[in-house]
Every structure is written in C-alpha cells, then in structure tokens.
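S.K.: The file below is target06.txt, compact mmCIF, C-alpha atoms:
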# COMPACT_ATOMS: atom_id res chain seq x y z
CA MET A 21 9.10 22.91 33.37
CA THR A 22 7.53 25.56 35.60
CA THR A 23 9.22 28.31 37.57
CA GLY A 24 6.43 29.26 39.95
CA THR A 25 3.53 27.63 41.77
CA ASN A 26 -0.27 27.98 41.85
CA ILE A 27 -0.40 28.24 38.08
CA ARG A 28 -3.46 29.27 36.07
CA THR A 29 -3.62 29.16 32.27
CA TYR A 30 -5.85 31.08 29.88
CA TYR A 31 -6.34 29.17 26.64
CA ASP A 32 -9.10 28.63 24.08
CA GLY A 33 -11.28 31.37 25.53
CA ARG A 34 -11.29 30.47 29.23
CA TRP A 35 -9.22 30.11 32.38
CA HIS A 36 -7.98 26.71 33.53
CA ASP A 37 -6.40 25.76 36.84
CA GLY A 38 -2.89 24.35 36.45
CA ASP A 39 -0.18 24.30 33.80
CA LEU A 40 -2.26 23.42 30.74
CA ALA A 41 -0.63 21.90 27.63
CA VAL A 42 -1.31 24.38 24.82
CA ILE A 43 1.22 23.80 22.03
CA ARG A 44 1.43 20.90 19.55
CA ALA A 45 4.46 19.19 18.09
CA ALA A 46 3.71 20.43 14.57
CA ASP A 47 2.98 24.03 15.59
CA HIS A 48 5.30 26.47 13.87
CA GLY A 49 6.29 27.85 17.28
CA ALA A 50 7.42 24.45 18.54
CA TRP A 51 9.17 23.57 15.30
CA LEU A 52 10.82 26.85 14.30
CA GLY A 53 10.80 28.92 17.47
CA THR A 54 8.25 31.58 16.50
CA THR A 55 7.21 32.41 20.06
CA VAL A 56 6.92 35.72 21.87
CA PHE A 57 5.88 36.62 25.39
CA ASP A 58 5.83 39.46 27.84
CA GLY A 59 6.10 39.58 31.60
CA ALA A 60 4.17 41.76 34.02
CA ARG A 61 3.76 41.63 37.78
CA PHE A 62 0.88 41.56 40.25
CA VAL A 63 2.10 42.52 43.74
CA ASP A 64 0.01 43.64 46.73
CA GLY A 65 -3.01 44.06 44.51
CA LEU A 66 -1.12 46.16 41.93
CA ALA A 67 -0.26 45.37 38.30
CA PRO A 68 2.03 48.29 37.33
CA ASP A 69 2.27 49.16 33.63
CA LEU A 70 0.16 46.16 32.64
CA ASP A 71 -1.18 48.12 29.67
CA LYS A 72 2.33 48.60 28.31
CA HIS A 73 3.21 44.92 28.69
CA CYS A 74 0.05 43.90 26.82
CA ALA A 75 0.82 46.36 24.02
CA ARG A 76 4.43 45.17 23.81
CA VAL A 77 3.57 41.48 23.38
CA ASN A 78 1.52 42.47 20.32
CA ALA A 79 4.44 44.51 18.97
CA SER A 80 6.77 41.56 19.59
CA ALA A 81 4.42 39.28 17.67
CA ARG A 82 4.45 41.58 14.67
CA ALA A 83 8.26 41.69 14.76
CA LEU A 84 8.29 37.89 14.34
CA MET A 85 5.58 38.07 11.63
CA ILE A 86 3.04 36.48 13.99
CA THR A 87 -0.45 37.97 13.73
CA PRO A 88 -1.56 39.27 17.16
CA THR A 89 -5.15 38.29 17.84
CA VAL A 90 -6.05 39.93 21.17
CA ASP A 91 -6.48 43.67 21.65
CA PRO A 92 -4.34 44.99 24.55
CA ASP A 93 -7.39 46.31 26.42
CA GLN A 94 -9.11 42.95 26.04
CA MET A 95 -5.91 41.23 27.18
CA GLN A 96 -5.85 43.34 30.34
CA ALA A 97 -9.44 42.41 31.12
CA ILE A 98 -8.68 38.71 30.68
CA ILE A 99 -5.65 38.99 32.97
CA HIS A 100 -7.59 40.76 35.71
CA GLU A 101 -10.24 38.04 35.48
CA GLY A 102 -7.54 35.42 36.04
CA LEU A 103 -5.91 37.35 38.88
CA ALA A 104 -9.21 37.46 40.78
CA ALA A 105 -8.58 33.86 41.87
CA TYR A 106 -5.49 34.92 43.88
CA PRO A 107 -5.36 36.84 47.17
CA ALA A 108 -4.22 40.45 46.87
CA SER A 109 -1.14 39.54 48.92
CA ALA A 110 0.10 37.09 46.27
CA ALA A 111 3.06 37.93 44.03
CA ILE A 112 2.15 36.78 40.51
CA TYR A 113 4.17 36.69 37.31
CA ILE A 114 1.89 37.47 34.35
CA ARG A 115 2.98 36.04 31.01
CA PRO A 116 0.87 36.57 27.85
CA MET A 117 2.22 34.54 24.93
CA TYR A 118 1.76 34.16 21.18
CA TRP A 119 3.14 31.52 18.86
CA ALA A 120 2.68 30.76 15.18
CA LEU A 121 0.56 27.70 14.39
CA ASP A 122 1.18 27.16 10.67
CA GLY A 123 3.87 28.02 8.19
CA GLY A 124 3.29 30.03 5.05
CA ASP A 125 5.94 30.50 2.37
CA LEU A 126 8.09 27.33 2.24
CA GLY A 127 6.87 26.59 5.74
CA ILE A 128 9.37 29.09 7.16
CA VAL A 129 7.42 32.34 7.25
CA PRO A 130 4.52 32.15 9.74
CA LYS A 131 1.14 31.98 8.05
CA GLU A 132 -0.78 35.21 8.50
CA GLY A 133 -3.65 34.90 10.94
CA SER A 134 -2.62 31.46 12.20
CA THR A 135 -1.79 32.22 15.82
CA GLY A 136 -1.85 30.52 19.20
CA PHE A 137 -2.47 32.61 22.32
CA ALA A 138 -2.25 31.82 26.01
CA ILE A 139 -1.65 33.57 29.32
CA SER A 140 0.21 31.94 32.19
CA LEU A 141 -0.11 33.19 35.75
CA GLU A 142 2.47 31.85 38.21
CA GLU A 143 2.99 32.69 41.85
CA ILE A 144 6.65 33.78 42.16
CA PRO A 145 7.66 35.70 45.29
CA MET A 146 9.58 38.95 45.16
CA VAL A 147 13.17 38.74 46.37
CA PRO A 148 13.59 39.48 50.08
CA GLN A 149 14.88 42.84 51.26
CA GLY A 150 18.67 42.79 51.33
CA PHE A 151 19.10 40.41 48.40
CA SER A 152 21.80 41.36 45.90
CA THR A 153 23.61 39.75 42.99
CA THR A 154 27.09 39.77 41.48
CA LEU A 155 28.24 40.32 37.89
CA CYS A 156 31.08 39.15 35.69
CA ARG A 157 31.96 39.52 32.03
CA THR A 158 31.01 36.97 29.38
CA ARG A 159 32.41 36.09 25.98
CA PHE A 160 28.90 36.11 24.49
CA ARG A 161 27.45 39.35 23.12
CA ARG A 162 24.14 40.92 22.19
CA PRO A 163 23.29 40.60 18.49
CA VAL A 164 22.07 43.37 16.21
CA LEU A 165 18.81 43.57 14.28
CA GLU A 166 20.47 42.22 11.14
CA ASP A 167 21.33 39.03 13.08
CA ALA A 168 18.33 38.47 15.36
CA VAL A 169 14.91 39.84 16.28
CA VAL A 170 16.23 42.08 19.03
CA ASN A 171 13.19 44.35 18.66
CA ALA A 172 10.97 41.66 20.21
CA LYS A 173 10.68 39.80 23.50
CA ALA A 174 11.10 36.52 21.66
CA GLY A 175 11.78 33.06 22.99
CA CYS A 176 14.41 32.46 20.31
CA LEU A 177 16.68 35.09 21.91
CA TYR A 178 16.87 33.35 25.26
CA PRO A 179 19.30 30.49 24.49
CA ASN A 180 21.96 33.19 24.04
CA ASN A 181 20.96 34.67 27.40
CA ALA A 182 21.21 31.21 28.92
CA ARG A 183 24.76 30.79 27.63
CA MET A 184 25.73 34.07 29.28
CA LEU A 185 24.05 33.17 32.55
CA LYS A 186 25.54 29.68 32.71
CA GLU A 187 29.02 31.03 32.07
CA ALA A 188 28.53 33.49 34.95
CA ARG A 189 27.13 30.84 37.29
CA ASP A 190 29.97 28.44 36.44
CA ARG A 191 32.38 31.17 37.59
CA GLY A 192 30.48 31.72 40.83
CA PHE A 193 28.69 34.94 39.86
CA GLY A 194 24.97 35.63 39.79
CA ASN A 195 24.69 37.24 36.37
CA ALA A 196 26.73 38.53 33.42
CA LEU A 197 27.35 42.09 32.26
CA VAL A 198 27.07 41.84 28.49
CA ALA A 199 28.67 43.75 25.64
CA ASP A 200 27.03 44.84 22.42
CA ALA A 201 28.56 44.20 18.99
CA LEU A 202 31.00 47.09 19.45
CA GLY A 203 32.17 45.98 22.89
CA ASN A 204 30.26 48.57 24.93
CA VAL A 205 27.97 47.53 27.76
CA ALA A 206 24.41 46.69 26.69
CA GLU A 207 22.73 45.10 29.72
CA THR A 208 23.02 41.89 31.74
CA ALA A 209 21.96 38.40 30.70
CA THR A 210 18.50 38.94 32.18
CA ALA A 211 17.92 42.62 32.92
CA ASN A 212 18.74 46.23 32.10
CA VAL A 213 21.51 47.81 34.16
CA PHE A 214 22.18 51.17 35.83
CA ALA A 215 25.29 52.65 37.45
CA VAL A 216 25.50 55.47 39.99
CA LYS A 217 28.45 57.85 40.17
CA ASP A 218 28.68 60.98 42.36
CA GLY A 219 24.91 61.09 42.85
CA GLU A 220 24.05 60.81 39.15
CA VAL A 221 22.59 57.78 37.40
CA PHE A 222 23.80 56.31 34.11
CA THR A 223 22.41 53.56 31.88
CA PRO A 224 23.41 52.25 28.43
CA ILE A 225 21.62 54.11 25.66
CA PRO A 226 19.29 51.87 23.61
CA ASN A 227 21.13 51.10 20.38
CA GLY A 228 19.04 48.30 18.90
CA THR A 229 20.98 45.46 20.52
CA PHE A 230 18.82 45.03 23.62
CA LEU A 231 15.23 45.53 24.70
CA ALA A 232 14.94 48.75 26.69
CA GLY A 233 12.49 47.56 29.29
CA ILE A 234 9.21 48.97 30.51
CA THR A 235 10.43 48.95 34.12
CA ARG A 236 13.66 50.65 32.98
CA ALA A 237 11.61 53.42 31.38
CA ARG A 238 9.57 53.80 34.58
CA HIS A 239 12.75 54.21 36.67
CA ILE A 240 14.05 56.83 34.23
CA GLU A 241 10.78 58.76 34.41
CA ASN A 242 10.75 58.61 38.23
CA LEU A 243 14.37 59.75 38.51
CA ARG A 244 13.86 62.71 36.21
CA ALA A 245 10.65 63.70 37.98
CA ALA A 246 12.63 63.72 41.24
CA GLY A 247 15.25 66.03 39.72
CA ILE A 248 18.01 63.40 39.76
CA ALA A 249 20.41 63.53 36.81
CA LEU A 250 19.85 60.53 34.55
CA HIS A 251 22.10 59.90 31.56
CA GLU A 252 21.39 57.43 28.75
CA THR A 253 24.82 57.11 27.19
CA VAL A 254 27.46 54.81 25.75
CA MET A 255 28.98 52.93 28.69
CA THR A 256 32.14 50.86 29.00
CA PHE A 257 33.05 48.15 31.47
CA ASP A 258 35.44 50.63 33.09
CA ASP A 259 32.43 52.84 33.88
CA PHE A 260 31.00 50.02 35.97
CA HIS A 261 34.29 49.39 37.75
CA ALA A 262 34.35 53.10 38.64
CA ALA A 263 30.71 53.24 39.81
CA ASP A 264 29.60 53.89 43.38
CA GLU A 265 26.50 51.70 42.99
CA VAL A 266 25.12 49.33 40.35
CA PHE A 267 21.61 47.94 40.15
CA LEU A 268 19.55 45.89 37.72
CA SER A 269 16.11 46.74 36.41
CA GLY A 270 13.63 44.12 35.26
CA ASN A 271 9.99 43.29 35.51
CA LEU A 272 10.42 40.17 37.62
CA MET A 273 12.16 41.84 40.57
CA LYS A 274 11.96 45.57 39.62
CA VAL A 275 15.25 46.57 41.33
CA THR A 276 18.14 44.24 42.18
CA PRO A 277 21.22 45.70 43.89
CA VAL A 278 24.63 44.52 42.67
CA SER A 279 27.30 43.86 45.29
CA ALA A 280 30.23 43.12 42.95
CA PHE A 281 31.37 43.27 39.32
CA GLU A 282 34.29 40.90 38.92
CA ASP A 283 36.72 42.05 41.66
CA THR A 284 35.06 45.46 42.16
CA GLN A 285 32.90 45.55 45.31
CA TYR A 286 29.94 47.83 45.97
CA LYS A 287 28.29 48.66 49.27
CA PRO A 288 24.48 48.87 49.53
CA GLY A 289 23.72 52.32 48.19
CA PRO A 290 21.14 55.00 48.93
CA MET A 291 20.35 55.67 45.27
CA THR A 292 19.43 52.04 44.61
CA GLU A 293 17.07 52.08 47.57
CA LYS A 294 15.63 55.43 46.47
CA VAL A 295 14.91 54.04 42.99
CA ARG A 296 13.16 51.04 44.55
CA GLN A 297 11.08 53.24 46.84
CA MET A 298 10.16 55.66 44.06
CA TYR A 299 8.96 52.75 41.94
CA TRP A 300 6.60 51.39 44.57
CA ASP A 301 5.44 54.87 45.57
CA TRP A 302 4.53 55.43 41.91
CA ALA A 303 2.87 52.00 41.71
CA GLN A 304 0.58 52.93 44.62
CA THR A 305 -0.76 55.82 42.54
CA THR A 306 -2.07 53.31 39.96
CA ARG A 307 -4.32 51.52 42.44
Before anything else, please render the file you have as structure tokens.
M.R.:
Amino acid sequence: MTTGTNIRTYYDGRWHDGDLAVIRAADHGAWLGTTVFDGARFVDGLAPDLDKHCARVNASARALMITPTVDPDQMQAIIHEGLAAYPASAAIYIRPMYWALDGGDLGIVPKEGSTGFAISLEEIPMVPQGFSTTLCRTRFRRPVLEDAVVNAKAGCLYPNNARMLKEARDRGFGNALVADALGNVAETATANVFAVKDGEVFTPIPNGTFLAGITRARHIENLRAAGIALHETVMTFDDFHAADEVFLSGNLMKVTPVSAFEDTQYKPGPMTEKVRQMYWDWAQTTR
C-alpha cells in the first residue's frame, strides 16, 4: 500500500516509474522482518541533510546485521538522478531501504553480503500552514536496546508505533506522547518532541530508547546558534502539561505544532514558528 503519488523506484541498478515489486516471499526481510529504511525530503528544490539520511540507513543496516551495499555518496547521486524527473516545486519523500535476502546461522541471522536495496520516491505534500495536532498518553512504551533494535530505523519497530497511534486515534487525538521504560517522556508515536517554557526550549535527552532524529539535531543546532536556551533533559508528562508551547520534529513535516495534550490546551506559539522559519532559512543555505 502506498502513501504518496507519482512514485519512482530505484532497483537492480536503474530507476523505474511506478511502485515496483522488489521483495520476494522467501526473502529474509519478508519472512523475519530484517528491513531498515530512512526518510529524507525534497522540497522546493532542496534536499536538506540528505547526506546524513544516507549515512544513517547504512548504520541502521549494520545494527540489524544487514550488510550495506551502497556508499552514502553514491546513494546521494542515485537519489538526485531520480529526483530530476520531478519539478522543483514537488514535495517528495525519499526512502532508501535495505533488507536481508538470505539467512545465515539457523536461518535467523542475516547472511553476510546478501542484501536487497531499493529507493522509493513518493510525492507527499507538506502540511498546510496552520495545521496542528493533538497528543494523549498511551499504555505502550518505548523499548530499550536489550529488547529491540532501537539504535536503527527498522521496520520491525513500527508495529509498536502503530499500536500507540491507533490508541490515540481511537480516543480522538492525533498522536501519542510516549514514555520510556522508566516512565519519563521519550517522544511521540511518530516524531521527536519539544516543549517551550518561559522562552526556553526543552526536549527529552536521548537515552537509548528512541531515535534522536536528524531533523531534531538540526533544530537544536539552529536554536543554539540563535542564542536560544535549549535543554536536553529528563522530562515528565507534567513538564508538558506546564509548557507554553509544544511541537513535534520529524523529517516528513519538519515542525508540527501541538494544540493540546490531553486536556491541556496550547495556543499557536512564536517559538514554534521561529523554529520552523530557522529550519527553512538554514535549508536555503544548502542550495
């Protein structure tokens, strides 16, 4: 099932128009879930931090014992070749993917060097100005490294995210604010999270239970360069109830304002808009 439109697929050394079938029933990735991906964006002719996304998909592969087969620089070149078919005004989601083809030891451990690779480009528009989401709590939590491959952007992690998101949607909220194993806030079901209080910005400190995103890191760098106090710290749910503003950070939409957490309401805030503007101002410098 696709999410976007105007799909192009890179597989077996060349670009194809459409959503090409690339994985077989007996592939290790289909059978045992050894799949990793990353997500980058192409917006208004810009692909911010594409180099970091290409490097991270290779790191994710290694975390799942999948042998990466494409150098990040080569991957960037392939992606730009595929993007050339779209107008500069298009908003494209860029998804490089690896999966294991064969099993090694007892069929469970992926066989070294036996790797599938593809890139999917999908046209997915950015959210319109003024869009916001709402958050609630969920009974599901983020695992730790001893329980799951939380150091990778792995497909096998997403059913847990889906449980969180469905629980939130069933309650009439847009997303879930998720606890780590100790009960402190980690992130949401789909994105990293920030809170603003008295003009300072706070975000949960990476503790090995969630993927600290590339876009998150870019926001942190921009905030500090602007002289705005940014704190990576242990955060509780009470911290979010007490916040002046809350926003989400993710590659797909970059900045998403939050209008409510459970029964706590937030007004559209100047810091959230400043973070959004700083991101796109920085992105223009990469042209």
S.K.: Between A:Phe214, A:Thr154, A:His48, A:Cys176, which residue has the minimum interatomic distance to Ser134 in chain A, considering only C-alpha atoms?
M.R.: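 Nearest candidate to Ser134 in chain A out of A:Phe214, A:Thr154, A:His48, A:Cys176: A:His48.
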S.K.: Counting only C-alpha atoms, note down every residue that has an atom within 6 Å of the point (1.8, 21.5, 10.5) (file coordinates), as a compact mmCIF listing (two decimals) with C-alpha atoms, keeping the file's coordinate frame.
M.R.:
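out_24.txt written:
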# COMPACT_ATOMS: atom_id res chain seq x y z
CA ALA A 46 3.71 20.43 14.57
CA ASP A 47 2.98 24.03 15.59
CA ASP A 122 1.18 27.16 10.67
S.K.: Might you pull out every residue within 6 Å of range 76-92 of chain A, with only C-alpha atoms counted and same-chain residues fewer than 4 positions away left off, and present them as a VMD selection string?
M.R.: chain A and resid 57 to 58 120 132 to 133 172 to 173
S.K.: Excluding Gly194 in chain A and residues on its chain fewer than 6 positions from it, collect all residues at most 10 Å away from it, counting all atoms listed in the file, and give them as a list of chain:residue names.
M.R.: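 Near neighbours after the sequence-gap exclusion: A:Ser152, A:Thr153, A:Thr154, A:Leu155, A:Cys156, A:Leu185, A:Lys186, A:Glu187, A:Ala188, A:Ala209, A:Val278, A:Ala280, A:Phe281.
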S.K.: Just the residues within 10 Å of Val42 in chain A, please, counting only C-alpha atoms, with nothing from its chain fewer than 6 positions along; format it as a ChimeraX atom specification.
M.R.: /A:29-32,136-138
S.K.: Nearest residue to Gly289 in chain A out of A:Val129, A:Ala215, A:Met255, A:Met95, using only C-alpha atoms?
M.R.: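 Nearest candidate to Gly289 in chain A out of A:Val129, A:Ala215, A:Met255, A:Met95: A:Ala215.
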S.K.: Can you pull out every residue within 9 Å of Met291 in chain A, counting only C-alpha atoms, but drop anything in the same chain fewer than 5 positions away, and send it as a list in words?
M.R.: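 Returned residues: Val216, Gly219, Glu220, Val221, Glu265 and Arg296 of chain A.
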S.K.: My list of candidates is A:Val275, A:Val266, A:Ile27, A:Ala232. Which is closest to Lys287 in chain A when distances are computed with all atoms listed in the file?
M.R.: A:Val266
S.K.: As a compact mmCIF listing (two decimals), in the frame of the given file, could you write out range 196-207 of chain A once it has been completed with all heavy atoms?
M.R.:
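File written: result_24.txt
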# COMPACT_ATOMS: atom_id res chain seq x y z
N ALA A 196 25.65 38.06 34.30
CA ALA A 196 26.73 38.53 33.42
C ALA A 196 26.43 39.92 32.91
O ALA A 196 25.29 40.23 32.54
CB ALA A 196 26.90 37.57 32.24
N LEU A 197 27.44 40.77 32.89
CA LEU A 197 27.35 42.09 32.26
C LEU A 197 27.81 41.91 30.82
O LEU A 197 28.92 41.47 30.56
CB LEU A 197 28.22 43.09 33.00
CG LEU A 197 28.02 44.57 32.69
CD1 LEU A 197 26.59 45.01 33.00
CD2 LEU A 197 29.01 45.43 33.46
N VAL A 198 26.93 42.27 29.88
CA VAL A 198 27.07 41.84 28.49
C VAL A 198 27.40 43.00 27.57
O VAL A 198 26.84 44.09 27.70
CB VAL A 198 25.75 41.17 28.03
CG1 VAL A 198 25.87 40.67 26.60
CG2 VAL A 198 25.39 40.02 28.97
N ALA A 199 28.28 42.74 26.62
CA ALA A 199 28.67 43.75 25.64
C ALA A 199 27.76 43.69 24.42
O ALA A 199 27.18 42.64 24.09
CB ALA A 199 30.12 43.54 25.21
N ASP A 200 27.68 44.82 23.72
CA ASP A 200 27.03 44.84 22.42
C ASP A 200 28.05 44.49 21.34
O ASP A 200 29.19 44.10 21.64
CB ASP A 200 26.37 46.20 22.15
CG ASP A 200 27.36 47.37 22.12
OD1 ASP A 200 28.58 47.14 21.94
OD2 ASP A 200 26.92 48.52 22.26
N ALA A 201 27.67 44.62 20.09
CA ALA A 201 28.56 44.20 18.99
C ALA A 201 29.84 45.01 18.93
O ALA A 201 30.85 44.54 18.40
CB ALA A 201 27.80 44.30 17.66
N LEU A 202 29.82 46.23 19.48
CA LEU A 202 31.00 47.09 19.45
C LEU A 202 31.86 46.96 20.70
O LEU A 202 32.91 47.60 20.80
CB LEU A 202 30.58 48.56 19.27
CG LEU A 202 29.89 48.89 17.94
CD1 LEU A 202 29.48 50.36 17.92
CD2 LEU A 202 30.79 48.57 16.76
N GLY A 203 31.40 46.17 21.67
CA GLY A 203 32.17 45.98 22.89
C GLY A 203 31.80 46.89 24.03
O GLY A 203 32.42 46.84 25.10
N ASN A 204 30.77 47.74 23.84
CA ASN A 204 30.26 48.57 24.93
C ASN A 204 29.21 47.79 25.71
O ASN A 204 28.65 46.82 25.23
CB ASN A 204 29.67 49.87 24.38
CG ASN A 204 30.71 50.71 23.67
OD1 ASN A 204 31.78 50.98 24.22
ND2 ASN A 204 30.41 51.12 22.44
N VAL A 205 28.93 48.23 26.92
CA VAL A 205 27.97 47.53 27.76
C VAL A 205 26.56 47.73 27.21
O VAL A 205 26.15 48.86 26.89
CB VAL A 205 28.05 48.01 29.22
CG1 VAL A 205 26.92 47.38 30.05
CG2 VAL A 205 29.41 47.65 29.82
N ALA A 206 25.80 46.63 27.12
CA ALA A 206 24.41 46.69 26.69
C ALA A 206 23.47 46.54 27.88
O ALA A 206 22.68 47.42 28.20
CB ALA A 206 24.13 45.61 25.65
N GLU A 207 23.55 45.42 28.56
CA GLU A 207 22.73 45.10 29.72
C GLU A 207 23.33 43.86 30.37
O GLU A 207 24.48 43.51 30.10
CB GLU A 207 21.27 44.88 29.32
CG GLU A 207 21.07 43.77 28.29
CD GLU A 207 19.61 43.44 28.04
OE1 GLU A 207 18.75 43.94 28.77
OE2 GLU A 207 19.35 42.65 27.11
